[in-house]
>>> print(open('upload.cif').read())   # mmCIF, C-alpha atoms, pLDDT in the B column; chains and numbers go by the auth columns
data_run
loop_
_atom_site.group_PDB
_atom_site.id
_atom_site.type_symbol
_atom_site.label_atom_id
_atom_site.label_comp_id
_atom_site.label_asym_id
_atom_site.label_seq_id
_atom_site.Cartn_x
_atom_site.Cartn_y
_atom_site.Cartn_z
_atom_site.B_iso_or_equiv
_atom_site.auth_seq_id
_atom_site.auth_asym_id
ATOM 1 C CA MET A 1 36.771 37.845 -23.000 89.00 1 E
ATOM 2 C CA ALA A 2 39.483 35.192 -22.761 95.00 2 E
ATOM 3 C CA VAL A 3 39.146 31.990 -24.767 97.00 3 E
ATOM 4 C CA VAL A 4 40.416 28.685 -23.399 98.00 4 E
ATOM 5 C CA GLN A 5 41.436 26.027 -25.916 98.00 5 E
ATOM 6 C CA LEU A 6 40.316 22.509 -25.025 98.00 6 E
ATOM 7 C CA TYR A 7 42.009 19.813 -27.102 98.00 7 E
ATOM 8 C CA VAL A 8 39.912 16.648 -27.207 98.00 8 E
ATOM 9 C CA GLY A 9 39.713 13.345 -29.016 97.00 9 E
ATOM 10 C CA ARG A 10 36.851 11.110 -30.024 95.00 10 E
ATOM 11 C CA ASP A 11 35.623 8.714 -27.315 93.00 11 E
ATOM 12 C CA CYS A 12 37.739 10.387 -24.619 95.00 12 E
ATOM 13 C CA HIS A 13 35.989 10.101 -21.246 96.00 13 E
ATOM 14 C CA LEU A 14 38.477 12.468 -19.588 97.00 14 E
ATOM 15 C CA CYS A 15 37.620 15.023 -22.270 98.00 15 E
ATOM 16 C CA GLU A 16 33.949 14.822 -21.282 97.00 16 E
ATOM 17 C CA ILE A 17 34.882 15.470 -17.668 98.00 17 E
ATOM 18 C CA ALA A 18 37.071 18.440 -18.670 98.00 18 E
ATOM 19 C CA ARG A 19 34.299 19.864 -20.843 97.00 19 E
ATOM 20 C CA SER A 20 31.885 19.765 -17.890 97.00 20 E
ATOM 21 C CA ALA A 21 34.457 21.266 -15.505 97.00 21 E
ATOM 22 C CA LEU A 22 35.151 24.177 -17.862 98.00 22 E
ATOM 23 C CA ALA A 23 31.430 24.839 -18.304 97.00 23 E
ATOM 24 C CA ARG A 24 30.988 24.942 -14.521 96.00 24 E
ATOM 25 C CA LEU A 25 33.957 27.305 -14.075 96.00 25 E
ATOM 26 C CA ALA A 26 32.712 29.602 -16.846 95.00 26 E
ATOM 27 C CA GLU A 27 29.524 30.219 -14.872 94.00 27 E
ATOM 28 C CA ASP A 28 31.503 32.147 -12.227 91.00 28 E
ATOM 29 C CA GLU A 29 34.498 33.389 -14.228 92.00 29 E
ATOM 30 C CA PRO A 30 33.409 34.376 -17.741 92.00 30 E
ATOM 31 C CA PHE A 31 35.525 32.904 -20.521 96.00 31 E
ATOM 32 C CA GLY A 32 34.905 31.189 -23.806 97.00 32 E
ATOM 33 C CA VAL A 33 35.924 27.678 -24.776 97.00 33 E
ATOM 34 C CA GLU A 34 37.265 26.738 -28.187 98.00 34 E
ATOM 35 C CA GLU A 35 37.104 22.978 -28.510 98.00 35 E
ATOM 36 C CA ILE A 36 39.629 21.444 -30.900 98.00 36 E
ATOM 37 C CA ASP A 37 39.095 17.806 -31.900 98.00 37 E
ATOM 38 C CA ILE A 38 42.457 16.302 -32.793 98.00 38 E
ATOM 39 C CA THR A 39 40.962 13.068 -34.142 97.00 39 E
ATOM 40 C CA GLY A 40 42.413 12.223 -37.532 96.00 40 E
ATOM 41 C CA VAL A 41 44.675 15.286 -37.768 97.00 41 E
ATOM 42 C CA PRO A 42 48.218 13.830 -37.815 97.00 42 E
ATOM 43 C CA GLU A 43 50.008 16.951 -36.548 97.00 43 E
ATOM 44 C CA LEU A 44 47.581 17.414 -33.675 97.00 44 E
ATOM 45 C CA GLU A 45 47.503 13.683 -32.887 96.00 45 E
ATOM 46 C CA ALA A 46 51.309 13.695 -32.579 96.00 46 E
ATOM 47 C CA ALA A 47 51.352 16.785 -30.368 95.00 47 E
ATOM 48 C CA TYR A 48 48.367 16.108 -28.086 96.00 48 E
ATOM 49 C CA ARG A 49 47.106 12.485 -28.114 95.00 49 E
ATOM 50 C CA GLU A 50 49.023 11.205 -25.087 95.00 50 E
ATOM 51 C CA TRP A 51 48.047 14.234 -22.971 97.00 51 E
ATOM 52 C CA LEU A 52 44.279 14.510 -23.610 98.00 52 E
ATOM 53 C CA PRO A 53 42.489 16.528 -22.587 98.00 53 E
ATOM 54 C CA VAL A 54 44.811 19.512 -22.911 98.00 54 E
ATOM 55 C CA ILE A 55 43.799 22.962 -21.686 98.00 55 E
ATOM 56 C CA GLU A 56 45.619 25.994 -23.090 98.00 56 E
ATOM 57 C CA LEU A 57 45.193 29.735 -22.806 97.00 57 E
ATOM 58 C CA ALA A 58 46.843 32.132 -25.258 94.00 58 E
ATOM 59 C CA GLY A 59 49.143 29.368 -26.490 93.00 59 E
ATOM 60 C CA GLU A 60 50.287 28.399 -22.983 96.00 60 E
ATOM 61 C CA ARG A 61 49.542 24.904 -21.724 97.00 61 E
ATOM 62 C CA ILE A 62 47.698 25.178 -18.417 97.00 62 E
ATOM 63 C CA SER A 63 46.938 21.534 -17.668 97.00 63 E
ATOM 64 C CA VAL A 64 46.691 18.029 -19.067 98.00 64 E
ATOM 65 C CA TYR A 65 44.484 15.017 -18.204 97.00 65 E
ATOM 66 C CA ARG A 66 42.133 17.235 -16.166 97.00 66 E
ATOM 67 C CA VAL A 67 41.181 20.841 -15.519 97.00 67 E
ATOM 68 C CA GLU A 68 43.427 22.254 -12.826 96.00 68 E
ATOM 69 C CA GLU A 69 41.194 25.041 -11.594 95.00 69 E
ATOM 70 C CA GLU A 70 43.615 27.236 -9.636 95.00 70 E
ATOM 71 C CA PRO A 71 46.268 27.625 -12.357 96.00 71 E
ATOM 72 C CA LEU A 72 43.554 28.294 -14.938 97.00 72 E
ATOM 73 C CA LEU A 73 41.753 30.870 -12.806 96.00 73 E
ATOM 74 C CA ALA A 74 45.047 32.582 -11.949 95.00 74 E
ATOM 75 C CA ARG A 75 45.894 32.946 -15.665 95.00 75 E
ATOM 76 C CA LEU A 76 42.390 34.162 -16.510 94.00 76 E
ATOM 77 C CA ARG A 77 42.579 36.821 -13.814 92.00 77 E
ATOM 78 C CA ALA A 78 46.091 37.991 -14.718 88.00 78 E
#
>>> encode(input="upload.cif", output="structure tokens")
Amino acid sequence: MAVVQLYVGRDCHLCEIARSALARLAEDEPFGVEEIDITGVPELEAAYREWLPVIELAGERISVYRVEEEPLLARLRA
């Protein structure tokens, strides 16, 4: 089963929305979600903070700010 990485930060309302969207999508298209909290990790803060939430699959960035369903589903099905 594929695992989607969801990069989040503390007190990020867009991250909450992305978390819910991924959970809803996973009901129809089985995949796991690995949530990575970047809060307080300097390397991750530098790489991801301005883009949160960030959705990646197998090291490839799929979307930022929100879950873009079609690109994600296309990659999961490939």
>>> resolve_selection(input="upload.cif", expression="the PyMOL selection byres ((chain E and resi 7) around 12)", output="MDAnalysis selection string")
chainID E and resid 4:6 8:10 12 14:16 18:19 33:39 41 44:45 47:57 59 61:67
>>> write_last_selection(input="upload.cif", atoms="C-alpha atoms", output="compact mmCIF listing (two decimals), keeping the file's coordinate frame")
# COMPACT_ATOMS: atom_id res chain seq x y z
CA VAL E 4 40.42 28.68 -23.40
CA GLN E 5 41.44 26.03 -25.92
CA LEU E 6 40.32 22.51 -25.02
CA VAL E 8 39.91 16.65 -27.21
CA GLY E 9 39.71 13.34 -29.02
CA ARG E 10 36.85 11.11 -30.02
CA CYS E 12 37.74 10.39 -24.62
CA LEU E 14 38.48 12.47 -19.59
CA CYS E 15 37.62 15.02 -22.27
CA GLU E 16 33.95 14.82 -21.28
CA ALA E 18 37.07 18.44 -18.67
CA ARG E 19 34.30 19.86 -20.84
CA VAL E 33 35.92 27.68 -24.78
CA GLU E 34 37.26 26.74 -28.19
CA GLU E 35 37.10 22.98 -28.51
CA ILE E 36 39.63 21.44 -30.90
CA ASP E 37 39.10 17.81 -31.90
CA ILE E 38 42.46 16.30 -32.79
CA THR E 39 40.96 13.07 -34.14
CA VAL E 41 44.68 15.29 -37.77
CA LEU E 44 47.58 17.41 -33.67
CA GLU E 45 47.50 13.68 -32.89
CA ALA E 47 51.35 16.78 -30.37
CA TYR E 48 48.37 16.11 -28.09
CA ARG E 49 47.11 12.48 -28.11
CA GLU E 50 49.02 11.20 -25.09
CA TRP E 51 48.05 14.23 -22.97
CA LEU E 52 44.28 14.51 -23.61
CA PRO E 53 42.49 16.53 -22.59
CA VAL E 54 44.81 19.51 -22.91
CA ILE E 55 43.80 22.96 -21.69
CA GLU E 56 45.62 25.99 -23.09
CA LEU E 57 45.19 29.74 -22.81
CA GLY E 59 49.14 29.37 -26.49
CA ARG E 61 49.54 24.90 -21.72
CA ILE E 62 47.70 25.18 -18.42
CA SER E 63 46.94 21.53 -17.67
CA VAL E 64 46.69 18.03 -19.07
CA TYR E 65 44.48 15.02 -18.20
CA ARG E 66 42.13 17.24 -16.17
CA VAL E 67 41.18 20.84 -15.52
>>> residues_around(input="upload.cif", residues="Leu76 in chain E", least_positions_apart="4", cutoff="12 Å", atoms="all atoms listed in the file", output="PDB file with C-alpha atoms, keeping the file's coordinate frame")
ATOM      1  CA  MET E   1      36.771  37.845 -23.000  1.00 89.00           C
ATOM      2  CA  ALA E   2      39.483  35.192 -22.761  1.00 95.00           C
ATOM      3  CA  VAL E   3      39.146  31.990 -24.767  1.00 97.00           C
ATOM      4  CA  VAL E   4      40.416  28.685 -23.399  1.00 98.00           C
ATOM      5  CA  LEU E  25      33.957  27.305 -14.075  1.00 96.00           C
ATOM      6  CA  ALA E  26      32.712  29.602 -16.846  1.00 95.00           C
ATOM      7  CA  ASP E  28      31.503  32.147 -12.227  1.00 91.00           C
ATOM      8  CA  GLU E  29      34.498  33.389 -14.228  1.00 92.00           C
ATOM      9  CA  PRO E  30      33.409  34.376 -17.741  1.00 92.00           C
ATOM     10  CA  PHE E  31      35.525  32.904 -20.521  1.00 96.00           C
ATOM     11  CA  GLY E  32      34.905  31.189 -23.806  1.00 97.00           C
ATOM     12  CA  GLU E  56      45.619  25.994 -23.090  1.00 98.00           C
ATOM     13  CA  LEU E  57      45.193  29.735 -22.806  1.00 97.00           C
ATOM     14  CA  ALA E  58      46.843  32.132 -25.258  1.00 94.00           C
ATOM     15  CA  GLU E  60      50.287  28.399 -22.983  1.00 96.00           C
ATOM     16  CA  ILE E  62      47.698  25.178 -18.417  1.00 97.00           C
ATOM     17  CA  GLU E  69      41.194  25.041 -11.594  1.00 95.00           C
ATOM     18  CA  GLU E  70      43.615  27.236  -9.636  1.00 95.00           C
ATOM     19  CA  PRO E  71      46.268  27.625 -12.357  1.00 96.00           C
ATOM     20  CA  LEU E  72      43.554  28.294 -14.938  1.00 97.00           C
TER      21      LEU E  72
END
>>> axis_aligned_box(input="upload.cif", around="range 47-53 of chain E", padding_each_side="3 Å", output="JSON")
{"center_x": 46.9, "center_y": 14.0, "center_z": -26.5, "size_x": 14.9, "size_y": 11.6, "size_z": 13.8}
>>> decode(input="upload.cif", residues="range 47-59 of chain E", atoms="all heavy atoms", output="JSON list (two decimals), in the first residue's frame")
[["chain", "number", "residue", "atom", "x", "y", "z"],
["E", 47, "ALA", "N", 12.60, 24.05, 4.81],
["E", 47, "ALA", "CA", 12.18, 23.44, 3.56],
["E", 47, "ALA", "C", 10.67, 23.51, 3.32],
["E", 47, "ALA", "O", 10.23, 23.55, 2.17],
["E", 47, "ALA", "CB", 12.63, 21.98, 3.52],
["E", 48, "TYR", "N", 9.87, 23.51, 4.40],
["E", 48, "TYR", "CA", 8.43, 23.32, 4.24],
["E", 48, "TYR", "C", 7.53, 24.43, 4.79],
["E", 48, "TYR", "O", 6.37, 24.53, 4.37],
["E", 48, "TYR", "CB", 8.00, 22.00, 4.90],
["E", 48, "TYR", "CG", 8.54, 20.78, 4.20],
["E", 48, "TYR", "CD1", 9.71, 20.17, 4.64],
["E", 48, "TYR", "CD2", 7.90, 20.25, 3.09],
["E", 48, "TYR", "CE1", 10.22, 19.06, 4.00],
["E", 48, "TYR", "CE2", 8.39, 19.15, 2.43],
["E", 48, "TYR", "CZ", 9.55, 18.55, 2.89],
["E", 48, "TYR", "OH", 10.05, 17.44, 2.24],
["E", 49, "ARG", "N", 7.99, 25.24, 5.73],
["E", 49, "ARG", "CA", 7.10, 26.15, 6.46],
["E", 49, "ARG", "C", 6.22, 27.01, 5.54],
["E", 49, "ARG", "O", 5.03, 27.12, 5.76],
["E", 49, "ARG", "CB", 7.91, 27.03, 7.41],
["E", 49, "ARG", "CG", 7.12, 28.10, 8.15],
["E", 49, "ARG", "CD", 5.96, 27.60, 8.95],
["E", 49, "ARG", "NE", 6.36, 26.81, 10.08],
["E", 49, "ARG", "CZ", 5.50, 26.21, 10.89],
["E", 49, "ARG", "NH1", 4.20, 26.32, 10.69],
["E", 49, "ARG", "NH2", 5.92, 25.48, 11.89],
["E", 50, "GLU", "N", 6.78, 27.62, 4.54],
["E", 50, "GLU", "CA", 5.98, 28.54, 3.72],
["E", 50, "GLU", "C", 4.98, 27.83, 2.81],
["E", 50, "GLU", "O", 4.12, 28.48, 2.22],
["E", 50, "GLU", "CB", 6.88, 29.46, 2.91],
["E", 50, "GLU", "CG", 7.64, 28.77, 1.80],
["E", 50, "GLU", "CD", 8.56, 29.72, 1.07],
["E", 50, "GLU", "OE1", 8.07, 30.44, 0.17],
["E", 50, "GLU", "OE2", 9.75, 29.75, 1.41],
["E", 51, "TRP", "N", 5.06, 26.51, 2.71],
["E", 51, "TRP", "CA", 4.20, 25.76, 1.79],
["E", 51, "TRP", "C", 3.11, 24.94, 2.49],
["E", 51, "TRP", "O", 2.35, 24.26, 1.81],
["E", 51, "TRP", "CB", 5.05, 24.82, 0.95],
["E", 51, "TRP", "CG", 6.16, 25.51, 0.23],
["E", 51, "TRP", "CD1", 7.49, 25.45, 0.53],
["E", 51, "TRP", "CD2", 6.05, 26.39, -0.88],
["E", 51, "TRP", "NE1", 8.20, 26.22, -0.32],
["E", 51, "TRP", "CE2", 7.35, 26.81, -1.22],
["E", 51, "TRP", "CE3", 4.97, 26.85, -1.64],
["E", 51, "TRP", "CZ2", 7.60, 27.68, -2.26],
["E", 51, "TRP", "CZ3", 5.22, 27.71, -2.68],
["E", 51, "TRP", "CH2", 6.52, 28.12, -2.98],
["E", 52, "LEU", "N", 3.08, 24.91, 3.80],
["E", 52, "LEU", "CA", 2.20, 24.00, 4.54],
["E", 52, "LEU", "C", 0.73, 24.14, 4.17],
["E", 52, "LEU", "O", 0.26, 25.25, 3.97],
["E", 52, "LEU", "CB", 2.36, 24.21, 6.04],
["E", 52, "LEU", "CG", 3.68, 23.77, 6.64],
["E", 52, "LEU", "CD1", 3.69, 24.04, 8.13],
["E", 52, "LEU", "CD2", 3.99, 22.33, 6.35],
["E", 53, "PRO", "N", 0.03, 23.02, 4.17],
["E", 53, "PRO", "CA", 0.54, 21.66, 4.24],
["E", 53, "PRO", "C", 1.16, 21.23, 2.91],
["E", 53, "PRO", "O", 0.80, 21.74, 1.85],
["E", 53, "PRO", "CB", -0.71, 20.82, 4.52],
["E", 53, "PRO", "CG", -1.81, 21.60, 3.89],
["E", 53, "PRO", "CD", -1.43, 23.06, 4.03],
["E", 54, "VAL", "N", 2.08, 20.29, 2.99],
["E", 54, "VAL", "CA", 2.74, 19.75, 1.81],
["E", 54, "VAL", "C", 2.40, 18.26, 1.73],
["E", 54, "VAL", "O", 2.52, 17.54, 2.72],
["E", 54, "VAL", "CB", 4.27, 19.94, 1.87],
["E", 54, "VAL", "CG1", 4.95, 19.27, 0.68],
["E", 54, "VAL", "CG2", 4.62, 21.42, 1.93],
["E", 55, "ILE", "N", 1.98, 17.83, 0.55],
["E", 55, "ILE", "CA", 1.65, 16.43, 0.32],
["E", 55, "ILE", "C", 2.66, 15.86, -0.66],
["E", 55, "ILE", "O", 2.86, 16.41, -1.74],
["E", 55, "ILE", "CB", 0.21, 16.27, -0.23],
["E", 55, "ILE", "CG1", -0.82, 16.69, 0.82],
["E", 55, "ILE", "CG2", -0.06, 14.84, -0.63],
["E", 55, "ILE", "CD1", -1.15, 18.12, 0.84],
["E", 56, "GLU", "N", 3.32, 14.77, -0.25],
["E", 56, "GLU", "CA", 4.31, 14.11, -1.09],
["E", 56, "GLU", "C", 4.00, 12.62, -1.17],
["E", 56, "GLU", "O", 3.39, 12.06, -0.26],
["E", 56, "GLU", "CB", 5.72, 14.30, -0.54],
["E", 56, "GLU", "CG", 6.22, 15.72, -0.59],
["E", 56, "GLU", "CD", 7.66, 15.89, -0.14],
["E", 56, "GLU", "OE1", 8.29, 14.91, 0.31],
["E", 56, "GLU", "OE2", 8.17, 17.02, -0.24],
["E", 57, "LEU", "N", 4.46, 12.02, -2.26],
["E", 57, "LEU", "CA", 4.34, 10.58, -2.44],
["E", 57, "LEU", "C", 5.64, 10.09, -3.04],
["E", 57, "LEU", "O", 6.06, 10.59, -4.10],
["E", 57, "LEU", "CB", 3.16, 10.26, -3.37],
["E", 57, "LEU", "CG", 2.92, 8.78, -3.68],
["E", 57, "LEU", "CD1", 2.64, 7.99, -2.40],
["E", 57, "LEU", "CD2", 1.78, 8.63, -4.66],
["E", 58, "ALA", "N", 6.29, 9.17, -2.35],
["E", 58, "ALA", "CA", 7.57, 8.60, -2.81],
["E", 58, "ALA", "C", 8.60, 9.69, -3.12],
["E", 58, "ALA", "O", 9.31, 9.64, -4.11],
["E", 58, "ALA", "CB", 7.35, 7.70, -4.02],
["E", 59, "GLY", "N", 8.64, 10.71, -2.25],
["E", 59, "GLY", "CA", 9.62, 11.78, -2.42],
["E", 59, "GLY", "C", 9.26, 12.83, -3.44],
["E", 59, "GLY", "O", 10.01, 13.79, -3.64]]
